[in-house]
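Below is one structure, written out as structure tokens; the observations come after it.
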Amino acid sequence: MSLLTKATIAGLLVGALGVVTSLTPSGAFLEENVGLHFLFNTRGQRQAPAEIVIISMDKASAERLNLPSSPRKWPRSLHARLINTLIAKKPAVIAFDIIFIEDFSPQHDQIFAEAIRAAGNVVLGEWLKVDKVPVLDRSGIQIGNINIEEIVSPISLLANSALATAPFALPKVPIRLNRYWVFKTGAGDTPTLPVVAFQVYALQVYNELIALLKDISPSFAQKLPPNRDALVTNRGVKEVVQMLGDHFEQDPTLAKKILEQLRISKPFSNDAKKHQVLESLISMYHGPKSRYLNFYGPPGTIKTIPYYQIMENLGDPAVYSARLDLNGKAIFVGLSERMRPEQKDGFYTVFSQPNGLDISGVEIVASAFANILENLHVRPLPAGEHLAVVGLWGIMIGILCILSPTLVSASIVVCFSIIYMLVIHYQFKHAAIWFPLVVPLGFQAPAAFFGSIFWKYFRANKERKNIRTAFGYYLPDEIVNQLVKSMSNIKNSGQVVYGTCLVTDIEQYTAISETMNPEDLSDFMNQYFEVIFKPVRQNSGIVSDVKGDSMLAIWATARPDANIRNLACKTALDIIQAVNQFNRSLGTLQLPTRIGMHSGYISLGHIGAIDHYEYRAVGDIVNTASRMEGLNKYLGTQIIASEEVLLQLDGFLIRPLGRFILAGKSKPIEAYELICRIEECTEKQKDACREFNGALEAYQRQCWEEAIDLLSKTLKICGEDGPSRFYLELCGSYRTKPPGTTWNGTVHLDNK
């Protein structure tokens, strides 16, 4: 193999490392919580749009206005005075990031409602209530929770007065906040507070939006209010946002068509601001429902005015008048502390301060609004481009490191890493495009460098390792070790051991295989075998053979060992549980699996001749285990084990199924159903086993009526039970035509 070929392979491996790491939850976590953090810190603070102003309800305002320390207890008539003061400044929208879901004072609430109605541009926050509902399995055991989200609106007096209401739910610490919801999927795709507030802000271009929609999608445009006045009069802003969001989602090309039409018509050739607002509005509806926040900096970066300064004329009147230039701006009112870390409405973000001061909820809302206005969210690369960047970077750095001497490789890694970092920093700073950072520089670059150092050192062992790895998919580790040392041992490696054999089979596999092409069937069966192999390996078993849809697993020791048989029984139960979970992920396609188990002495080793050998178990025990698996078809069970398997084992709920002479066999065998672990069984299962045991004893005594009665009781307890149905049919037959005097209760089966 040439050096260039080796370098190419190394590059592909480094590229693959990056791709695989990027696809794992850990890789995504590191990129978001380390890489994104680094990019924000190297970029630093940036200028927030001047169109956004926060009015902070803080401790200083509470002290200055002689109000309760909790802003939620401030009289609502005070908010009415605030709105009346703001109306004169003609803001475009006033959004309250405060929850008004309780009645405080009818008089104050009425005053507040009148002020809201008079303003005509107020958006109130809603509370997104999350209830956890436990999920139980069939045994009544809790296996998880379902979060049910419910929107709680402000009191009707205020909600009916506002132009719109909307929720804005965000995670609290210790999770670092990086994203926000545009449309909250868990609450029926409801639009969130910054989205609704921006739609109100963008009422200035609503008529132009309708005109564009009439050209592009006339049937949909007719469903919307025809103009801004109609929208405001009907107070249907939230409903319009919902309709627009749904329509843009249903037609992914709509945004592109509208933007093209906008560029052709140029309705705002003399008003660049309106043109930008309309483009931002269209972009708001087109894109993911959850977006990354493009933070502006530490707390207070967005222009913030304490509440009390609005209510009082403090300081130089000229300066104060300039600070209160709110004409056409978006006002956000909410809890915010810039100087004290004891805030209760803060969120842990990349710009949280060392003293514990976090960015407040109202600043998050304002930041999201500002991102929409600028159409400048943090945009991670699409999945395909992300993987392409990581893959190509890995290939390039891997090839260069292998082809270069060690010192040159070190220089290449350092220089290219610096160049890469400068490029992605520029893209993030100027276009808010988020390139992968941690995986290329933290994983791939070191892997390429150290891989080039140890390439030659490990080259001699590579082929042996590859052989060992390849054989490891087919043979136990100890057998691989023997073969690596000497292939001459292959003919003499057989040994007689005491083994427990477990055989699986898929019900109706033939019918399933007929509906799939060979390639899809192969991929599908690989997924299935991965599911059933895992419990075998976790319980120290060996997957000895795979044929079609069937697996043979073995637990082997020099002499009979109850611990090994115990592990095999646990494996059988784990396989059924794993397959049931796998089936739940498949939808209508199901792979019900049956298991048969038997124990005894077997020959374990390489079987074959000339140039073809297979490592497998040979003996009657293997054949009997396969027949035990087939017995499930007659009895409607999932796991059947022989008496030899269950001897001296406790900790499992089992029930005897009777004595059978299986197809192709001459000696009877006692069969038992392995139901579950003792700690998992229910009283209902115990009662059913007790009734069935009595029925089986009556059957063996030829007391057909008694057996039928007890089997009927078993069915009443279980609802449906295969063994009970099987013996009911036998008892009914024997009641009509009793067996001969030599009958001993053994059931003869002629077919597999």
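Identifiers in the structure tokens: chain A, B, ... in order shown; residue index from 1 per chain; ligand index from 1 in order shown.
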
Write down as a PyMOL selection string the residues belonging to stretch 26-110 of chain A that are assigned strand (DSSP E) by DSSP computed on the backbone. chain A and resi 52-57+93-99

Near-stretch 660-669 of chain A list (9 Å; only C-alpha atoms; drop same-chain fewer than 3 positions) as a PyMOL selection string: chain A and resi 624+627-628+630-631+642-643+657+745-752

Same residues, N, CA and C atoms, saved as a PDB file, in the first residue's frame:
ATOM      1  N   THR A 624     -32.954 -30.149  20.330  1.00  0.00           N
ATOM      2  CA  THR A 624     -34.103 -30.110  21.247  1.00  0.00           C
ATOM      3  C   THR A 624     -34.500 -28.673  21.568  1.00  0.00           C
ATOM      4  N   ARG A 627     -36.550 -27.479  18.819  1.00  0.00           N
ATOM      5  CA  ARG A 627     -37.908 -28.029  18.886  1.00  0.00           C
ATOM      6  C   ARG A 627     -38.723 -27.353  20.003  1.00  0.00           C
ATOM      7  N   MET A 628     -38.063 -27.017  21.098  1.00  0.00           N
ATOM      8  CA  MET A 628     -38.755 -26.308  22.196  1.00  0.00           C
ATOM      9  C   MET A 628     -39.252 -24.950  21.714  1.00  0.00           C
ATOM     10  N   GLY A 630     -40.137 -24.306  18.678  1.00  0.00           N
ATOM     11  CA  GLY A 630     -41.290 -24.578  17.834  1.00  0.00           C
ATOM     12  C   GLY A 630     -42.542 -24.895  18.624  1.00  0.00           C
ATOM     13  N   LEU A 631     -42.387 -25.401  19.849  1.00  0.00           N
ATOM     14  CA  LEU A 631     -43.547 -25.715  20.686  1.00  0.00           C
ATOM     15  C   LEU A 631     -44.357 -24.462  21.011  1.00  0.00           C
ATOM     16  N   SER A 642     -36.859 -26.197  29.142  1.00  0.00           N
ATOM     17  CA  SER A 642     -36.971 -27.560  29.643  1.00  0.00           C
ATOM     18  C   SER A 642     -36.737 -27.597  31.145  1.00  0.00           C
ATOM     19  N   GLU A 643     -37.073 -28.742  31.722  1.00  0.00           N
ATOM     20  CA  GLU A 643     -36.858 -28.927  33.159  1.00  0.00           C
ATOM     21  C   GLU A 643     -35.382 -28.826  33.493  1.00  0.00           C
ATOM     22  N   LEU A 657     -45.998 -26.842  31.587  1.00  0.00           N
ATOM     23  CA  LEU A 657     -46.878 -26.934  30.427  1.00  0.00           C
ATOM     24  C   LEU A 657     -47.197 -28.376  30.046  1.00  0.00           C
ATOM     25  N   GLY A 745     -50.541 -38.965  29.726  1.00  0.00           N
ATOM     26  CA  GLY A 745     -50.594 -37.500  29.684  1.00  0.00           C
ATOM     27  C   GLY A 745     -49.630 -36.863  28.714  1.00  0.00           C
ATOM     28  N   THR A 746     -48.789 -37.663  28.080  1.00  0.00           N
ATOM     29  CA  THR A 746     -47.801 -37.103  27.148  1.00  0.00           C
ATOM     30  C   THR A 746     -48.489 -36.677  25.850  1.00  0.00           C
ATOM     31  N   VAL A 747     -48.099 -35.499  25.362  1.00  0.00           N
ATOM     32  CA  VAL A 747     -48.640 -34.967  24.117  1.00  0.00           C
ATOM     33  C   VAL A 747     -47.634 -35.237  23.002  1.00  0.00           C
ATOM     34  N   HIS A 748     -48.094 -35.848  21.928  1.00  0.00           N
ATOM     35  CA  HIS A 748     -47.237 -36.145  20.784  1.00  0.00           C
ATOM     36  C   HIS A 748     -47.423 -35.070  19.715  1.00  0.00           C
ATOM     37  N   LEU A 749     -46.328 -34.484  19.267  1.00  0.00           N
ATOM     38  CA  LEU A 749     -46.369 -33.473  18.207  1.00  0.00           C
ATOM     39  C   LEU A 749     -45.640 -34.017  16.990  1.00  0.00           C
ATOM     40  N   ASP A 750     -46.320 -34.011  15.864  1.00  0.00           N
ATOM     41  CA  ASP A 750     -45.734 -34.576  14.651  1.00  0.00           C
ATOM     42  C   ASP A 750     -45.004 -33.549  13.797  1.00  0.00           C
ATOM     43  N   ASN A 751     -45.366 -32.270  13.969  1.00  0.00           N
ATOM     44  CA  ASN A 751     -44.760 -31.221  13.149  1.00  0.00           C
ATOM     45  C   ASN A 751     -43.931 -30.300  14.021  1.00  0.00           C
ATOM     46  N   LYS A 752     -42.984 -29.593  13.376  1.00  0.00           N
ATOM     47  CA  LYS A 752     -42.151 -28.631  14.106  1.00  0.00           C
ATOM     48  C   LYS A 752     -42.972 -27.427  14.519  1.00  0.00           C
TER      49      LYS A 752
END

So, counting only C-alpha atoms, which residue among A:Ile678, A:Ile258, A:Ile331, A:Leu36 is closest to A:Arg176? A:Leu36

Which of stretch 91-148 of chain A DSSP labels alpha helix (DSSP H), written as an MDAnalysis selection string: chainID A and resid 106:119

Quick one: distance from atom CA of A:Ser417 to atom CA of A:Thr349 in Å, one decimal?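 We find that atom CA of A:Ser417 and atom CA of A:Thr349 lie 26.7 Å from each other.
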
So that I can see what lies close to A:Thr637, please list as a list of chain:residue names the residues with an atom at most 8 Å from it, counting only C-alpha atoms and leaving out residues fewer than 3 positions away in the same chain. A:Arg594, A:Asn632, A:Lys633, A:Ile640, A:Glu673, A:Gly722, A:Pro723

Would you export the selected residues with N, CA and C atoms as a short mmCIF file (atom, residue, chain, number, x, y, z; two decimals), in the first residue's frame, please?
data_model
loop_
_atom_site.label_atom_id
_atom_site.label_comp_id
_atom_site.auth_asym_id
_atom_site.auth_seq_id
_atom_site.Cartn_x
_atom_site.Cartn_y
_atom_site.Cartn_z
N ARG A 594 -40.16 -15.85 19.40
CA ARG A 594 -40.35 -17.00 20.28
C ARG A 594 -38.98 -17.55 20.66
N ASN A 632 -43.70 -23.30 20.99
CA ASN A 632 -44.43 -22.05 21.25
C ASN A 632 -45.58 -21.84 20.27
N LYS A 633 -45.40 -22.30 19.02
CA LYS A 633 -46.44 -22.11 18.02
C LYS A 633 -47.72 -22.82 18.41
N ILE A 640 -40.26 -20.98 26.19
CA ILE A 640 -40.44 -22.32 26.76
C ILE A 640 -39.06 -22.88 27.06
N GLU A 673 -43.17 -22.86 30.91
CA GLU A 673 -43.19 -21.49 30.37
C GLU A 673 -42.46 -20.57 31.34
N GLY A 722 -52.80 -19.03 25.57
CA GLY A 722 -52.57 -20.07 24.59
C GLY A 722 -52.57 -21.47 25.18
N PRO A 723 -51.78 -21.74 26.25
CA PRO A 723 -51.78 -23.09 26.83
C PRO A 723 -53.18 -23.54 27.27
#

Can you pull out every residue within 6 Å of A:Gly11, counting only C-alpha atoms, but drop anything in the same chain fewer than 6 positions away, and send it as a PyMOL selection string? chain A and resi 394-395+398-399

How would the residues just picked look written out with C-alpha atoms as a PDB file, in the first residue's frame?
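Saved result, result_37.pdb, follows:
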ATOM      1  CA  GLY A 394     -10.761  15.882   8.647  1.00  0.00           C
ATOM      2  CA  ILE A 395      -9.725  14.483   5.273  1.00  0.00           C
ATOM      3  CA  GLY A 398      -5.429  13.846   8.064  1.00  0.00           C
ATOM      4  CA  ILE A 399      -3.765  13.582   4.658  1.00  0.00           C
TER       5      ILE A 399
END

Pairwise distance for atom CA of A:Ile418 and atom CA of A:Tyr348, rounded to one decimal in Å: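 Atom-to-atom, atom CA of A:Ile418 and atom CA of A:Tyr348 are spaced 29.6 Å apart.
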
So the first atom is atom CA of A:Arg616 and the second is atom CA of A:Gln495; what is the distance between them in Å, to one decimal place?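 Those two atoms sit 11.0 Å apart.
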
If we count only C-alpha atoms, what is near stretch 22-28 of chain A at a cut-off of 9 Å, once residues fewer than 5 positions away on the same chain are taken out, given as number ranges by chain? A: 17, 33, 386-387, 390, 436, 438-439
